[in-house]
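Here's the structure we're looking at; comments come further down.
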Amino acid sequence: MILLSVFLLSLCSLTYEVLLTRVFSISQWNHLSFMVISVALFGFAASGTFLSIVQSKDDRIRRRLPSKEALAIIVCLYSVSANGSFIALNRLPLDYLRLPLEPVQSLYLLIAYLLLALPFFFTGLIIALAYALYPEKTALTYFATMSGSACGAVLPVPTLPVFGEEVLIIIVNLLPLLAVFIGGIVFALSNRPSAAIAETKHSRLVFLALPLVPLAVLGFVFGNGSYTRVTPSAYKPLSQTLRYPKTKITQTFTSLRGRMDSVQSPYIRFAPGLSLKFKERLPQQWSVFKDGNAPLVLYNLKSKETLRSPRFALPFSGYVLNPEPKSVLIILNGGGSAIPCAISSGARQITILERNPHIAQILRDQYHLPVINRTPRGFLSVSDEKFSIIHVEDWGPSLPGTAALNQGHLFTVEAFDAYLNHLNDNGVLILSRKLLLPPADSIRLWATAYESLRSLGIPHPEHHLAMLRNWEAFTLVVTRKSLKISPADQKEIRAFARNMNFDLVFIPGITQNHVNRYNVFDAPYHYREITRLLEAYHRGSEEGFFASYLLDVAPQTDNRPFPSRFLKWKQLRKIYRITGSRMYSLFLSGEIVVAVVFIEALLISLTLLIVPMLGRSKIEQGPHLSSIVYFIGIGSGFMFIELYFIKLFTQWFDDPIVSFAVVLSGILISSGTGGFFSKRLSLRALRVVLLGLLAASAAMLFVQNHLFGLFHRLPDTGQVSLAFAILFPIGFLAGFPFPLGMKYFLRNPTQRSYAWAVNGATSVLAAIASAQIALSLGIAQIVLFAVVGYFFALFVTKQASGEPFAK
């Protein structure tokens, strides 16, 4: 029964973990969604600590823990705590952006963390019991844990569109309760079928479950009510839009890729970069919001009059260089204004790239244009077509800094290379973003375009660049032909800027007399910094410019693809002063939140590991120090490998939640398979496995780019299959070290429980640390940390197999 309980709770817990990630993506900013993994692992670590203390202190509890009644109680407590924590989370007035202003928010954050960790504590307790009390079944326990978790990662894919996050969470967390109820009846009837159920020993299982059935019914009812309804953050665009009168959500569609809310309102006005000289009416609009954010606005363009407004917008500056273009490629990430621009230009062929299949169909129905449901980089990697204009629309987050942790590959050097290689000889690349002070995005994108042009062998990249701005946004125009030798094109851009009251930021031959004329700042900040950067490029000292600048504005690569991340830790004090010495502004950066959570997790983890040591009896043998180092090594190594693949596949699938589900299902089922076969291996084979892991992990660094090209030449099913094929060898090898360590390095239940706590606590820290490693060093560097972890595990295997010391 315990293996069945391990499988069932692992399945439900992993499904709950995936759904919590979706809940945080909707109700909060993505700052907190990364916490879900650490919350789950923290619950696992706490269960190991608890069991280690109980087994060394209380014989009565230790004897009763393996009983069917005790297992049933734990399973029921999981269901109650999981649904209870979810309901409490939705009622908790948590708003982490107000942490510096309201100290009580720290308490709310702690309550949320502890409540969400509680169901994972009970899952971890069942798993730890199986490891501690049945060492001969270690391989089967590991297989049950990993295979159950893998099934849990896949379960939301078909069920989310049917039920939605709220109802599905309730249903999944009630499954263990239903299993206990049915199991209790089966046990009772099989033991004494002719007697009343109440007289059997196992009838307690039935009557334990019966009082919880009303709670189950209430929970399911609440699934469609206010107690479990997931509402977006008040700061998100959807919440703000719904405050307008006569505004309503007309349709909601939920999938693993996000919750799509279609909103109708007479007050939606989306025209970023619009000139103040436009005095006519904007076309009628409606919006589709993804997770309450990133609105995609759709326009009613049924008459010629409705096509006038795009000609007054900043992005149209690129179209004046290529009037009536032959072909336009539009790459969307929210926004939507690029489509009216292309239609208004008179383009003969317009192709739209939209990665979300639901939104792609909405675009087809609205504009009757070809919409390709592929990732931008995937499409460009297999297409030989050359375009007159490539228009990339991604205006950035609604609140600066809140997307610092978000991985994006639209603005990397490799992405610019792909764009420029798909332009014809007169082609134009258009990119627009929100204007930031101090200058950040504008400098980074200008530098990225410069370096991409230089990599194509263009001798004077600055001759191919132009930038315009108004008070809220800027547009970067990159041309294949030189603007320096084309006075007519320069004249067109200057005339467009003058007629629309847009300010020039950069164009070949620009001087300070030509800038900051219409939307006046105290100084021409953006022009000044880009000019300094150009001078640095001419001197070959651009690295010095990037190193000394206040923010991190260096061009980003696919290895460090965080377009909204600008924080420099060494400049933190200066940034604090410049932003008015307000702690609030710093908390807008997700990177600060990562650091705070890591410190808190470190303190909690140390507490969980130290307390059992202090409370252990003198007779009870503790684990050898080398055994602790071993489980630290394999725990961190496994987690770093897992997080590396999640971030790598985020680029490949262009969706973090899809990547999360694919990696977890693939690596868990493969590691579970490895754990199942581990029962046949010797200690010497363990060293061979660890060497294989080191080699396989390092090899990924050399083959990932080649596999990226192969991945995008495959259909959707082929892509998932290739992802699983890549994950299986490493996952299979990673499944051996933990059960083999339990088998050969530990001697009693207390040691095995403590090892479970060490593994969980280390995984918590590795999960959080990987976010900062990717931000500061790069995604590939996460693998190097995994290699270090497995190397330490290999180094101590000989010592760990020795006799443990007695305290």
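In the structure tokens, each chain is lettered A, B, ... as it comes, each chain's residues begin at 1, and ligands are numbered from 1 in order of appearance.
Running DSSP on the backbone and keeping only strand (DSSP E or B), the residues of stretch 232-307 of chain A that qualify are Lys248, Ile249, Thr250, Gln251, Thr252, Phe253, Thr254, Ser255, Gly258, Arg259, Met260, Asp261, Ser262, Val263, Gln264, Leu274, Gln285, Trp286, Ser287, Val288, Phe289, Lys290, Asn293, Ala294, Pro295, Leu296, Val297, Leu298 and Tyr299 of chain A.
Within 9 Å of A:Arg311, once only C-alpha atoms are used and residues closer than 5 positions along the same chain are dropped, the contacting residues are Leu274, Phe316, Ser317, Tyr319, Cys341, Ser344 and Ser345 of chain A.
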Mind writing the picked residues with C-alpha atoms as an mmCIF file, in the first residue's frame?
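The result, written out as part.cif:
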data_model
loop_
_atom_site.group_PDB
_atom_site.id
_atom_site.type_symbol
_atom_site.label_atom_id
_atom_site.label_comp_id
_atom_site.auth_asym_id
_atom_site.auth_seq_id
_atom_site.Cartn_x
_atom_site.Cartn_y
_atom_site.Cartn_z
ATOM 1 C CA LEU A 274 1.145 57.644 -31.552
ATOM 2 C CA PHE A 316 5.738 53.498 -39.238
ATOM 3 C CA SER A 317 9.119 55.243 -39.553
ATOM 4 C CA TYR A 319 7.733 51.737 -43.538
ATOM 5 C CA CYS A 341 0.965 49.376 -39.721
ATOM 6 C CA SER A 344 -1.757 50.649 -43.900
ATOM 7 C CA SER A 345 1.580 50.537 -45.752
#
A:Arg565 surroundings by only C-alpha atoms, 12 Å radius, close-in-sequence under 4 positions cut, as JSON, numbers by chain | {"A": [396, 397, 400, 401, 402, 403, 404, 405, 406, 407, 408, 440, 441, 444, 551, 552, 553, 554, 555, 556, 560, 561, 569, 588, 589, 590, 591, 592, 772, 774, 775, 776]}
Export of prior selection with N, CA, C and O atoms as a short mmCIF file (atom, residue, chain, number, x, y, z; two decimals), in the first residue's frame:
data_model
loop_
_atom_site.label_atom_id
_atom_site.label_comp_id
_atom_site.auth_asym_id
_atom_site.auth_seq_id
_atom_site.Cartn_x
_atom_site.Cartn_y
_atom_site.Cartn_z
N GLY A 396 7.30 45.24 -24.05
CA GLY A 396 7.86 45.05 -22.71
C GLY A 396 6.78 45.02 -21.64
O GLY A 396 5.59 45.16 -21.92
N PRO A 397 7.18 44.84 -20.38
CA PRO A 397 6.21 44.68 -19.28
C PRO A 397 5.51 46.00 -18.97
O PRO A 397 6.02 47.09 -19.25
N PRO A 400 8.02 48.38 -15.29
CA PRO A 400 9.45 48.10 -15.51
C PRO A 400 10.04 47.29 -14.36
O PRO A 400 9.80 47.58 -13.19
N GLY A 401 10.80 46.27 -14.71
CA GLY A 401 11.47 45.46 -13.70
C GLY A 401 10.72 44.19 -13.34
O GLY A 401 11.33 43.24 -12.87
N THR A 402 9.40 44.16 -13.53
CA THR A 402 8.63 43.00 -13.10
C THR A 402 8.87 41.78 -13.98
O THR A 402 8.49 40.68 -13.62
N ALA A 403 9.50 41.98 -15.14
CA ALA A 403 9.78 40.86 -16.03
C ALA A 403 11.27 40.53 -16.06
O ALA A 403 11.76 39.91 -17.01
N ALA A 404 12.01 40.94 -15.03
CA ALA A 404 13.45 40.74 -15.03
C ALA A 404 13.84 39.27 -15.11
O ALA A 404 14.89 38.93 -15.63
N LEU A 405 13.00 38.39 -14.58
CA LEU A 405 13.30 36.96 -14.59
C LEU A 405 12.80 36.27 -15.85
O LEU A 405 13.11 35.09 -16.07
N ASN A 406 12.03 36.98 -16.67
CA ASN A 406 11.43 36.35 -17.85
C ASN A 406 12.47 36.13 -18.93
O ASN A 406 13.20 37.04 -19.32
N GLN A 407 12.49 34.92 -19.43
CA GLN A 407 13.42 34.55 -20.49
C GLN A 407 12.79 34.85 -21.83
O GLN A 407 11.66 34.47 -22.10
N GLY A 408 13.51 35.56 -22.69
CA GLY A 408 13.00 35.90 -24.02
C GLY A 408 14.11 35.92 -25.04
O GLY A 408 15.22 36.37 -24.74
N ALA A 440 18.13 52.42 -21.04
CA ALA A 440 18.51 51.02 -20.84
C ALA A 440 18.22 50.21 -22.11
O ALA A 440 19.12 49.85 -22.85
N ASP A 441 16.93 49.95 -22.35
CA ASP A 441 16.53 49.17 -23.52
C ASP A 441 17.07 49.76 -24.82
O ASP A 441 17.53 49.03 -25.69
N ARG A 444 20.77 48.98 -25.23
CA ARG A 444 21.04 47.55 -25.47
C ARG A 444 20.63 47.13 -26.88
O ARG A 444 21.40 46.43 -27.57
N LEU A 551 23.69 50.61 -15.54
CA LEU A 551 22.86 49.42 -15.69
C LEU A 551 23.54 48.41 -16.62
O LEU A 551 24.48 48.75 -17.34
N ASP A 552 23.04 47.19 -16.58
CA ASP A 552 23.52 46.16 -17.47
C ASP A 552 22.81 46.31 -18.81
O ASP A 552 21.67 45.90 -18.97
N VAL A 553 23.50 46.94 -19.78
CA VAL A 553 22.90 47.18 -21.09
C VAL A 553 23.69 46.51 -22.21
O VAL A 553 23.47 46.81 -23.38
N ALA A 554 24.58 45.61 -21.86
CA ALA A 554 25.36 44.90 -22.88
C ALA A 554 24.44 44.03 -23.72
O ALA A 554 23.43 43.51 -23.22
N PRO A 555 24.76 43.85 -25.01
CA PRO A 555 23.94 42.97 -25.85
C PRO A 555 23.84 41.58 -25.24
O PRO A 555 24.81 41.06 -24.69
N GLN A 556 22.67 40.99 -25.36
CA GLN A 556 22.45 39.67 -24.77
C GLN A 556 22.50 38.59 -25.84
O GLN A 556 22.18 38.82 -27.00
N ARG A 560 22.23 34.23 -22.28
CA ARG A 560 21.72 35.14 -21.22
C ARG A 560 20.59 35.97 -21.81
O ARG A 560 20.73 37.17 -22.03
N PRO A 561 19.43 35.37 -22.01
CA PRO A 561 18.34 36.04 -22.73
C PRO A 561 17.27 36.61 -21.79
O PRO A 561 16.16 36.09 -21.72
N TRP A 569 24.64 44.38 -9.63
CA TRP A 569 24.77 44.29 -8.17
C TRP A 569 25.79 45.28 -7.63
O TRP A 569 25.60 45.86 -6.56
N LEU A 588 10.87 46.07 -7.46
CA LEU A 588 10.30 45.84 -8.78
C LEU A 588 11.18 44.90 -9.60
O LEU A 588 10.74 44.35 -10.60
N SER A 589 12.43 44.73 -9.17
CA SER A 589 13.33 43.82 -9.86
C SER A 589 13.20 42.42 -9.28
O SER A 589 13.41 42.22 -8.09
N GLY A 590 12.88 41.47 -10.13
CA GLY A 590 12.75 40.10 -9.66
C GLY A 590 14.05 39.55 -9.12
O GLY A 590 14.06 38.63 -8.29
N GLU A 591 15.17 40.10 -9.58
CA GLU A 591 16.47 39.64 -9.11
C GLU A 591 16.65 39.89 -7.62
O GLU A 591 17.26 39.09 -6.91
N ILE A 592 16.14 41.00 -7.15
CA ILE A 592 16.20 41.29 -5.71
C ILE A 592 15.37 40.27 -4.94
O ILE A 592 15.78 39.77 -3.88
N GLN A 772 19.60 32.82 -10.41
CA GLN A 772 20.62 33.87 -10.38
C GLN A 772 21.81 33.51 -11.26
O GLN A 772 22.42 34.38 -11.88
N ALA A 774 21.71 31.83 -14.08
CA ALA A 774 21.32 32.13 -15.46
C ALA A 774 21.35 33.62 -15.73
O ALA A 774 21.79 34.06 -16.80
N LEU A 775 20.87 34.43 -14.77
CA LEU A 775 20.85 35.87 -14.95
C LEU A 775 22.25 36.47 -15.03
O LEU A 775 22.53 37.32 -15.87
N SER A 776 23.13 36.03 -14.16
CA SER A 776 24.45 36.65 -14.04
C SER A 776 25.49 36.03 -14.95
O SER A 776 26.35 36.74 -15.50
#
For A:Ala699: contacts at 12 Å, only C-alpha atoms, fewer than 3 positions along chain excluded, given as a ChimeraX atom specification | /A:692-696,702-707,726,729-730,780,783-784,787
Would you work out the distance separating atom CA of A:Phe598 from atom CA of A:Ile768, expressed in Å to one decimal?
-> 6.1 Å
Could you pull the residues within 12 Å of stretch 131-137 of chain A, counting only C-alpha atoms, minus those fewer than 5 positions along the same chain, as a ChimeraX atom specification?
-> /A:2-3,6,47-48,51-52,54-55,62-67,124-126,142-145,675-680,738-757
Do a neighbour search on A:Ile634 at 8 Å with only C-alpha atoms, toss out local chain neighbours closer than 3 positions, and write the hits as JSON, numbers by chain.
-> {"A": [630, 631, 637, 638, 737, 738, 759, 789, 790, 793]}
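The protein and nucleic acid residues lying at most 12 Å from A:Pro524 are Leu437, Pro438, Pro439, Arg469, Asp503, Leu504, Val505, Phe506, Thr511, Gln512, Asn513, His514, Val515, Asn516, Arg517, Tyr518, Asn519, Val520, Phe521, Tyr527, Arg528, Glu529, Ile530 and Thr531 of chain A, with only C-alpha atoms considered and sequence neighbours fewer than 3 positions away removed.
Among the candidates A:Asn356, A:Thr141, A:Ser38, A:Gln105, the one nearest to A:Ala601 when counting only C-alpha atoms is A:Ser38.
Candidate residues A:Pro272, A:Gly674, A:Pro237, A:Pro232 were compared for distance to A:Glu472, and the nearest is A:Pro272, using only C-alpha atoms.
Using only C-alpha atoms, the smallest distance between any of A:Phe44, A:Phe546, A:Trp446, A:Phe7 and A:Leu431 comes from A:Trp446.
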Got a sec to tell me which of stretch 305-468 of chain A DSSP assigns to helix (DSSP H, G or I), as an MDAnalysis selection string?
-> chainID A and resid 305:307 309:312 314:317 319:321 338:344 357:367 376:382 413:421 441:455 461:464
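Using only C-alpha atoms, the smallest distance between any of A:Ile610, A:Ile170, A:Ile485, A:Leu733 and A:Phe50 comes from A:Ile610.
Taking only C-alpha atoms into account, A:Asn426 lies nearest to A:Lys326 out of the set A:Arg684, A:Lys326, A:Lys484, A:Arg454.
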